[in-house]
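S.K.: Structure file coords_2.cif, mmCIF, C-alpha atoms, is pasted below:
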data_input
#
loop_
_atom_site.label_atom_id
_atom_site.label_comp_id
_atom_site.auth_asym_id
_atom_site.auth_seq_id
_atom_site.Cartn_x
_atom_site.Cartn_y
_atom_site.Cartn_z
CA LYS A 1 -50.93 16.46 -17.37
CA GLU A 2 -48.96 13.83 -19.22
CA ASN A 3 -48.53 11.83 -15.99
CA VAL A 4 -52.28 11.92 -15.37
CA LYS A 5 -53.01 10.61 -18.85
CA VAL A 6 -50.51 7.79 -18.44
CA GLY A 7 -52.07 6.83 -15.10
CA LYS A 8 -55.52 6.69 -16.62
CA GLN A 9 -54.31 4.50 -19.44
CA LYS A 10 -52.66 2.08 -17.01
CA GLY A 11 -55.82 1.91 -14.92
CA LYS A 12 -57.92 0.77 -17.85
CA SER A 13 -58.63 -2.97 -17.96
CA GLU A 14 -57.27 -4.70 -21.01
CA LYS A 15 -59.95 -5.91 -23.38
CA LYS A 16 -59.96 -9.61 -24.16
CA LYS A 17 -59.30 -10.63 -27.70
CA GLY A 18 -60.31 -13.68 -29.64
CA PRO A 19 -63.32 -15.99 -29.21
CA ASP A 20 -63.32 -15.57 -25.39
CA ARG A 21 -63.75 -11.80 -25.44
CA ASN A 22 -67.49 -11.96 -24.67
CA LEU A 23 -67.26 -14.62 -21.93
CA LYS A 24 -68.18 -13.64 -18.39
CA PRO A 25 -67.44 -15.69 -15.25
CA ASN A 26 -70.44 -17.52 -13.82
CA PRO A 27 -70.26 -17.67 -10.00
CA LYS A 28 -72.94 -20.40 -9.94
CA ILE A 29 -70.58 -22.92 -11.52
CA LYS A 30 -68.58 -24.89 -8.97
CA ILE A 31 -64.97 -25.49 -9.97
CA PHE A 32 -63.62 -28.83 -8.74
CA GLU A 33 -59.97 -29.13 -7.81
CA LYS A 34 -60.18 -32.92 -8.23
CA ASP A 35 -62.24 -35.15 -10.49
CA PRO A 36 -65.26 -36.27 -8.40
CA PHE A 37 -65.67 -39.35 -10.61
CA PHE A 38 -62.12 -40.54 -10.04
CA GLU A 39 -60.23 -38.79 -7.24
CA THR A 40 -62.71 -38.14 -4.40
CA ASN A 41 -65.33 -39.98 -2.36
CA GLU A 42 -67.85 -37.23 -3.03
CA LYS A 43 -71.33 -38.51 -3.78
CA VAL A 44 -72.21 -38.11 -7.44
CA PRO A 45 -75.59 -38.44 -9.18
CA GLU A 46 -76.43 -41.71 -10.90
CA VAL A 47 -76.59 -40.52 -14.49
CA SER A 48 -76.67 -43.92 -16.18
CA PRO A 49 -75.78 -47.57 -15.46
CA ARG A 50 -72.54 -47.23 -17.42
CA MET A 51 -71.53 -44.09 -15.57
CA THR A 52 -72.29 -45.79 -12.25
CA THR A 53 -70.24 -48.82 -13.28
CA LYS A 54 -67.33 -46.51 -14.09
CA LEU A 55 -67.17 -45.59 -10.41
CA ILE A 56 -65.32 -48.87 -9.96
CA PHE A 57 -62.24 -47.11 -11.36
CA ARG A 58 -62.60 -44.46 -8.65
CA ALA A 59 -62.88 -47.18 -6.02
CA VAL A 60 -59.71 -48.83 -7.31
CA ASN A 61 -57.85 -45.53 -7.47
CA LEU A 62 -58.83 -44.67 -3.89
CA GLY A 63 -58.28 -48.22 -2.67
CA SER A 64 -61.83 -48.41 -1.33
CA VAL A 65 -62.65 -52.10 -0.91
CA GLU A 66 -66.12 -51.30 0.46
CA SER A 67 -67.01 -49.26 -2.63
CA VAL A 68 -65.92 -52.13 -4.89
CA LYS A 69 -68.03 -54.59 -2.88
CA ASP A 70 -71.01 -52.24 -3.04
CA LEU A 71 -70.80 -51.91 -6.83
CA LEU A 72 -70.34 -55.65 -7.36
CA ALA A 73 -73.28 -56.42 -5.06
CA ARG A 74 -75.72 -54.35 -7.10
CA THR A 75 -78.17 -56.12 -9.38
CA GLU A 76 -79.70 -53.01 -10.94
CA GLY A 77 -78.37 -49.70 -12.17
CA VAL A 78 -75.05 -51.16 -13.33
CA THR A 79 -73.88 -53.06 -16.38
CA ASN A 80 -73.25 -56.79 -16.21
CA ARG A 81 -69.50 -57.32 -16.60
CA SER A 82 -68.56 -54.28 -18.63
CA MET A 83 -65.37 -52.55 -17.51
CA VAL A 84 -64.62 -55.11 -14.77
CA GLY A 85 -61.77 -56.53 -16.83
CA THR A 86 -60.25 -53.10 -17.41
CA ALA A 87 -60.67 -52.24 -13.73
CA LEU A 88 -58.89 -55.49 -12.83
CA ASP A 89 -55.97 -54.52 -15.05
CA PHE A 90 -55.86 -51.13 -13.32
CA ALA A 91 -56.03 -52.72 -9.85
CA VAL A 92 -53.13 -55.05 -10.62
CA GLN A 93 -51.00 -52.15 -11.82
CA GLN A 94 -51.90 -50.21 -8.67
CA ALA A 95 -51.07 -53.26 -6.48
CA LYS A 96 -54.45 -53.23 -4.71
CA GLY A 97 -54.36 -56.86 -3.55
CA GLU A 98 -57.80 -57.26 -1.95
CA ILE A 99 -59.49 -55.47 -4.84
CA VAL A 100 -57.60 -57.70 -7.29
CA GLN A 101 -59.12 -60.74 -5.56
CA LEU A 102 -62.65 -59.33 -5.75
CA LEU A 103 -62.44 -58.34 -9.41
CA THR A 104 -60.75 -61.59 -10.43
CA HIS A 105 -63.58 -63.62 -8.91
CA GLU A 106 -66.14 -61.34 -10.54
CA HIS A 107 -64.55 -61.63 -13.97
CA PHE A 108 -63.47 -65.29 -14.07
CA GLU A 109 -65.99 -67.03 -11.80
CA THR A 110 -67.14 -70.27 -13.46
CA ASP A 111 -69.71 -71.38 -10.88
CA ALA A 112 -73.11 -70.27 -12.17
CA LYS A 113 -74.53 -70.29 -8.64
CA LEU A 114 -72.06 -67.63 -7.53
CA LYS A 115 -72.65 -65.34 -10.49
CA LYS A 116 -75.08 -62.49 -9.90
CA GLU A 117 -77.91 -61.96 -12.33
CA ARG A 118 -78.08 -58.26 -13.07
CA LYS A 119 -80.84 -56.43 -14.83
CA ALA A 120 -79.65 -55.38 -18.26
CA PRO A 121 -79.32 -51.61 -18.77
CA PRO A 122 -81.39 -49.86 -21.45
CA ALA A 123 -80.15 -50.51 -24.97
CA CYS A 124 -78.13 -47.74 -26.58
CA ILE A 125 -80.03 -46.16 -29.48
CA ILE A 126 -76.90 -44.58 -30.97
CA SER A 127 -74.91 -46.66 -33.44
CA ALA A 128 -71.24 -46.27 -34.22
CA THR A 129 -70.26 -44.50 -37.41
CA GLY A 130 -67.66 -46.02 -39.70
CA THR A 131 -65.60 -44.73 -42.61
CA GLY A 132 -67.14 -47.13 -45.12
CA ASN A 133 -65.45 -49.56 -47.49
CA TYR A 134 -63.34 -48.61 -50.45
CA ASN A 135 -64.26 -50.04 -53.84
CA PRO A 136 -61.05 -50.52 -55.90
CA LEU A 137 -63.10 -50.38 -59.12
CA SER A 138 -64.03 -46.75 -58.50
CA LEU A 139 -60.49 -45.36 -58.77
CA GLY A 140 -58.61 -48.34 -60.11
CA ILE A 141 -56.25 -48.37 -57.12
CA LYS A 142 -55.79 -51.82 -55.63
CA GLN A 143 -54.21 -50.77 -52.35
CA ILE A 144 -55.29 -47.74 -50.37
CA ARG A 145 -54.64 -46.73 -46.78
CA VAL A 146 -57.43 -47.41 -44.29
CA LEU A 147 -59.18 -44.26 -43.12
CA ASN A 148 -59.60 -43.70 -39.40
CA MET A 149 -62.31 -41.79 -37.59
CA SER A 150 -61.41 -38.52 -35.91
CA ARG A 151 -61.09 -38.46 -32.13
CA GLY A 152 -61.78 -35.84 -29.51
CA GLY A 153 -64.04 -32.95 -30.47
CA LYS A 154 -64.52 -34.29 -34.01
CA GLU A 155 -65.37 -37.82 -32.94
CA GLY A 156 -69.11 -37.22 -33.08
CA ASP A 157 -71.55 -39.85 -31.82
CA ASN A 158 -68.76 -42.43 -31.55
CA ALA A 159 -67.70 -40.74 -28.31
CA PHE A 160 -70.91 -42.07 -26.74
CA VAL A 161 -70.54 -45.68 -27.84
CA ASN A 162 -66.89 -46.37 -26.93
CA ASP A 163 -67.94 -47.85 -23.59
CA LEU A 164 -70.29 -50.39 -25.16
CA TYR A 165 -67.45 -52.83 -25.69
CA GLU A 166 -66.60 -54.91 -22.64
CA GLY A 167 -63.01 -55.06 -21.50
CA ASN A 168 -61.77 -58.61 -21.08
CA VAL A 169 -58.59 -59.67 -19.34
CA ASP A 170 -56.40 -61.81 -21.54
CA LEU A 171 -53.97 -63.96 -19.57
CA HIS A 172 -51.25 -62.66 -21.88
CA LEU A 173 -51.56 -59.45 -19.86
CA ILE A 174 -49.39 -61.10 -17.22
CA LYS A 175 -46.41 -60.48 -19.49
CA ASN A 176 -47.40 -56.83 -19.77
CA TRP A 177 -47.75 -56.60 -15.99
CA MET A 178 -44.26 -57.98 -15.55
CA GLU A 179 -42.89 -55.44 -18.03
CA TYR A 180 -44.82 -52.72 -16.18
CA GLY A 181 -43.08 -53.72 -12.96
CA VAL A 182 -45.95 -55.32 -11.04
CA SER A 183 -44.63 -56.99 -7.90
CA VAL A 184 -44.45 -60.76 -7.51
CA ASP A 185 -46.81 -60.58 -4.52
CA THR A 186 -49.50 -58.89 -6.61
CA LEU A 187 -49.12 -61.46 -9.39
CA GLU A 188 -49.36 -64.24 -6.80
CA THR A 189 -52.55 -62.66 -5.46
CA PHE A 190 -54.06 -62.60 -8.95
CA LEU A 191 -53.05 -66.18 -9.79
CA LEU A 192 -54.40 -67.56 -6.52
CA ALA A 193 -57.70 -65.73 -7.02
CA LEU A 194 -57.82 -66.97 -10.61
CA SER A 195 -57.26 -70.56 -9.44
CA SER A 196 -60.10 -70.21 -6.96
CA ALA A 197 -62.48 -68.66 -9.51
CA THR A 198 -61.78 -71.16 -12.30
CA LYS A 199 -61.38 -74.18 -10.00
CA THR A 200 -57.94 -74.93 -11.42
CA THR A 201 -54.37 -74.99 -10.19
CA ARG A 202 -51.73 -72.54 -11.33
CA ASP A 203 -50.05 -75.29 -13.35
CA GLU A 204 -53.27 -75.82 -15.33
CA GLN A 205 -53.68 -72.15 -16.25
#
Starting from the file, give its structure as structure tokens.
M.R.:
Amino acid sequence: KENVKVGKQKGKSEKKKGPDRNLKPNPKIKIFEKDPFFETNEKVPEVSPRMTTKLIFRAVNLGSVESVKDLLARTEGVTNRSMVGTALDFAVQQAKGEIVQLLTHEHFETDAKLKKERKAPPACIISATGTGNYNPLSLGIKQIRVLNMSRGGKEGDNAFVNDLYEGNVDLHLIKNWMEYGVSVDTLETFLLALSSATKTTRDEQ
């Protein structure tokens, strides 16, 4: 009898504890092994112009020159130059030579005839939240540490406005690329594309 009781106790499923105890698996939810917005060529819905523009990072990561050309050729449904500079930085670090050329021309092109006029995306109606300014007269303390906003789950609406600021490539990044270990060939590719886009020689840069 004791053995039977022990067997029944072992057969019982252990009850979950904590906040997840009432959760049940939903078979309708598809679990992705890889990020479809960064690691696969899977077609994704066009949620917003900024989300579509972010696909340029996926194209760089996958080394898809055609996808980069397709995104740069669009005149609607994408942002103007937002994130191109950051994507160029990523492409240089990944040593994607042909993509580096395309993004360098897109970012630094000085000829107005070659620049594409893109329809501006809808304006964001959410504004960033700050921590305010400290008045030294209120507490009588002249110096006080600057307060920072929380990040992650406590970031609030600021999580939706982080992408509003365009990423620009500062030529001082070349030093960072060298420290990162970018090859000389990749740096040459960038400098030659930069010379072509800005109509200058490397000595003038």
S.K.: What's around A:Val146 at 9 Å? Count all atoms listed in the file, leave out sequence neighbours fewer than 6 positions away in its own chain, and write the answer as a PyMOL selection string.
M.R.: chain A and resi 131+133-134
S.K.: Evaluated on this file, the PyMOL selection byres ((chain A and resi 69) around 12) picks out some residues - which ones are they, written as a count of residues only?
M.R.: 23
S.K.: For the PyMOL selection byres ((chain A and resi 38) around 9), applied here, can you spell out every residue it catches as a compact mmCIF listing (two decimals) with C-alpha atoms, in the coordinates of the input?
M.R.:
# COMPACT_ATOMS: atom_id res chain seq x y z
CA LYS A 34 -60.18 -32.92 -8.23
CA ASP A 35 -62.24 -35.15 -10.49
CA PRO A 36 -65.26 -36.27 -8.40
CA PHE A 37 -65.67 -39.35 -10.61
CA GLU A 39 -60.23 -38.79 -7.24
CA THR A 40 -62.71 -38.14 -4.40
CA ASN A 41 -65.33 -39.98 -2.36
CA LYS A 54 -67.33 -46.51 -14.09
CA LEU A 55 -67.17 -45.59 -10.41
CA ILE A 56 -65.32 -48.87 -9.96
CA PHE A 57 -62.24 -47.11 -11.36
CA ARG A 58 -62.60 -44.46 -8.65
CA ALA A 59 -62.88 -47.18 -6.02
CA ASN A 61 -57.85 -45.53 -7.47
CA LEU A 62 -58.83 -44.67 -3.89
S.K.: A:Ile174: which residues within 10 Å, counting all atoms listed in the file, same-chain residues fewer than 5 positions away excluded, as a PyMOL selection string?
M.R.: chain A and resi 89+92+169+179-180+182+187+190-191
S.K.: Skip A:Ser127 itself and residues of its chain fewer than 2 positions away, then list as a list of chain:residue names all residues within 10 Å of it, counting all atoms listed in the file.
M.R.: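 Residues meeting the cut-off are A:Cys124, A:Ile125, A:Thr129, A:Gly130, A:Asp157, A:Asn158, A:Phe160, A:Val161.
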S.K.: I'd like the neighbourhood of A:Thr79 as a list in words, where a residue qualifies if any of its atoms comes within 7 Å (using all atoms listed in the file), though same-chain residues fewer than 6 positions away should be ignored.
M.R.: Pro49, Arg50, Thr53, Ala120 and Pro121 of chain A
S.K.: From the options A:Asn176, A:His107, A:Arg145, A:Gly77, which residue's atoms come nearest to A:Lys119, counting all atoms listed in the file?
M.R.: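 Smallest separation from A:Lys119 among the options: A:Gly77.
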S.K.: What is the atom CA of A:Ser183-atom CA of A:Met83 distance in Å, reported with one decimal?
M.R.: 23.3 Å
S.K.: At what distance in Å, to one decimal, does atom CA of A:His172 lie from atom CA of A:Asp185?
M.R.: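 Answer for the atom CA of A:Asp185 to atom CA of A:His172 separation: 18.0 Å.
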S.K.: In Å, rounded to a single decimal, give me how far atom CA of A:Glu109 is from atom CA of A:Ser195.
M.R.: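 Computing the Euclidean distance for atom CA of A:Ser195 and atom CA of A:Glu109 yields 9.7 Å.
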S.K.: Of the candidates A:Phe108, A:Leu137, A:Ala159, A:Lys142, which shows the shortest atom-to-atom distance to A:Leu194, using all atoms listed in the file?
M.R.: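 Using all atoms listed in the file, the shortest distance to A:Leu194 belongs to A:Phe108.
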S.K.: I need the residue nearest A:Thr104 from this list: A:Thr189, A:Thr52, A:Gln143, A:Thr200. Use only C-alpha atoms for the distance.
M.R.: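 So, comparing all the options, the nearest one is A:Thr189.
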S.K.: With distances taken over only C-alpha atoms, which of A:Ser48, A:Gln94, A:Asn26, A:Thr75 is nearest to A:Glu117?
M.R.: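 Checking each of A:Ser48, A:Gln94, A:Asn26, A:Thr75 against A:Glu117, counting only C-alpha atoms, the winner is A:Thr75.
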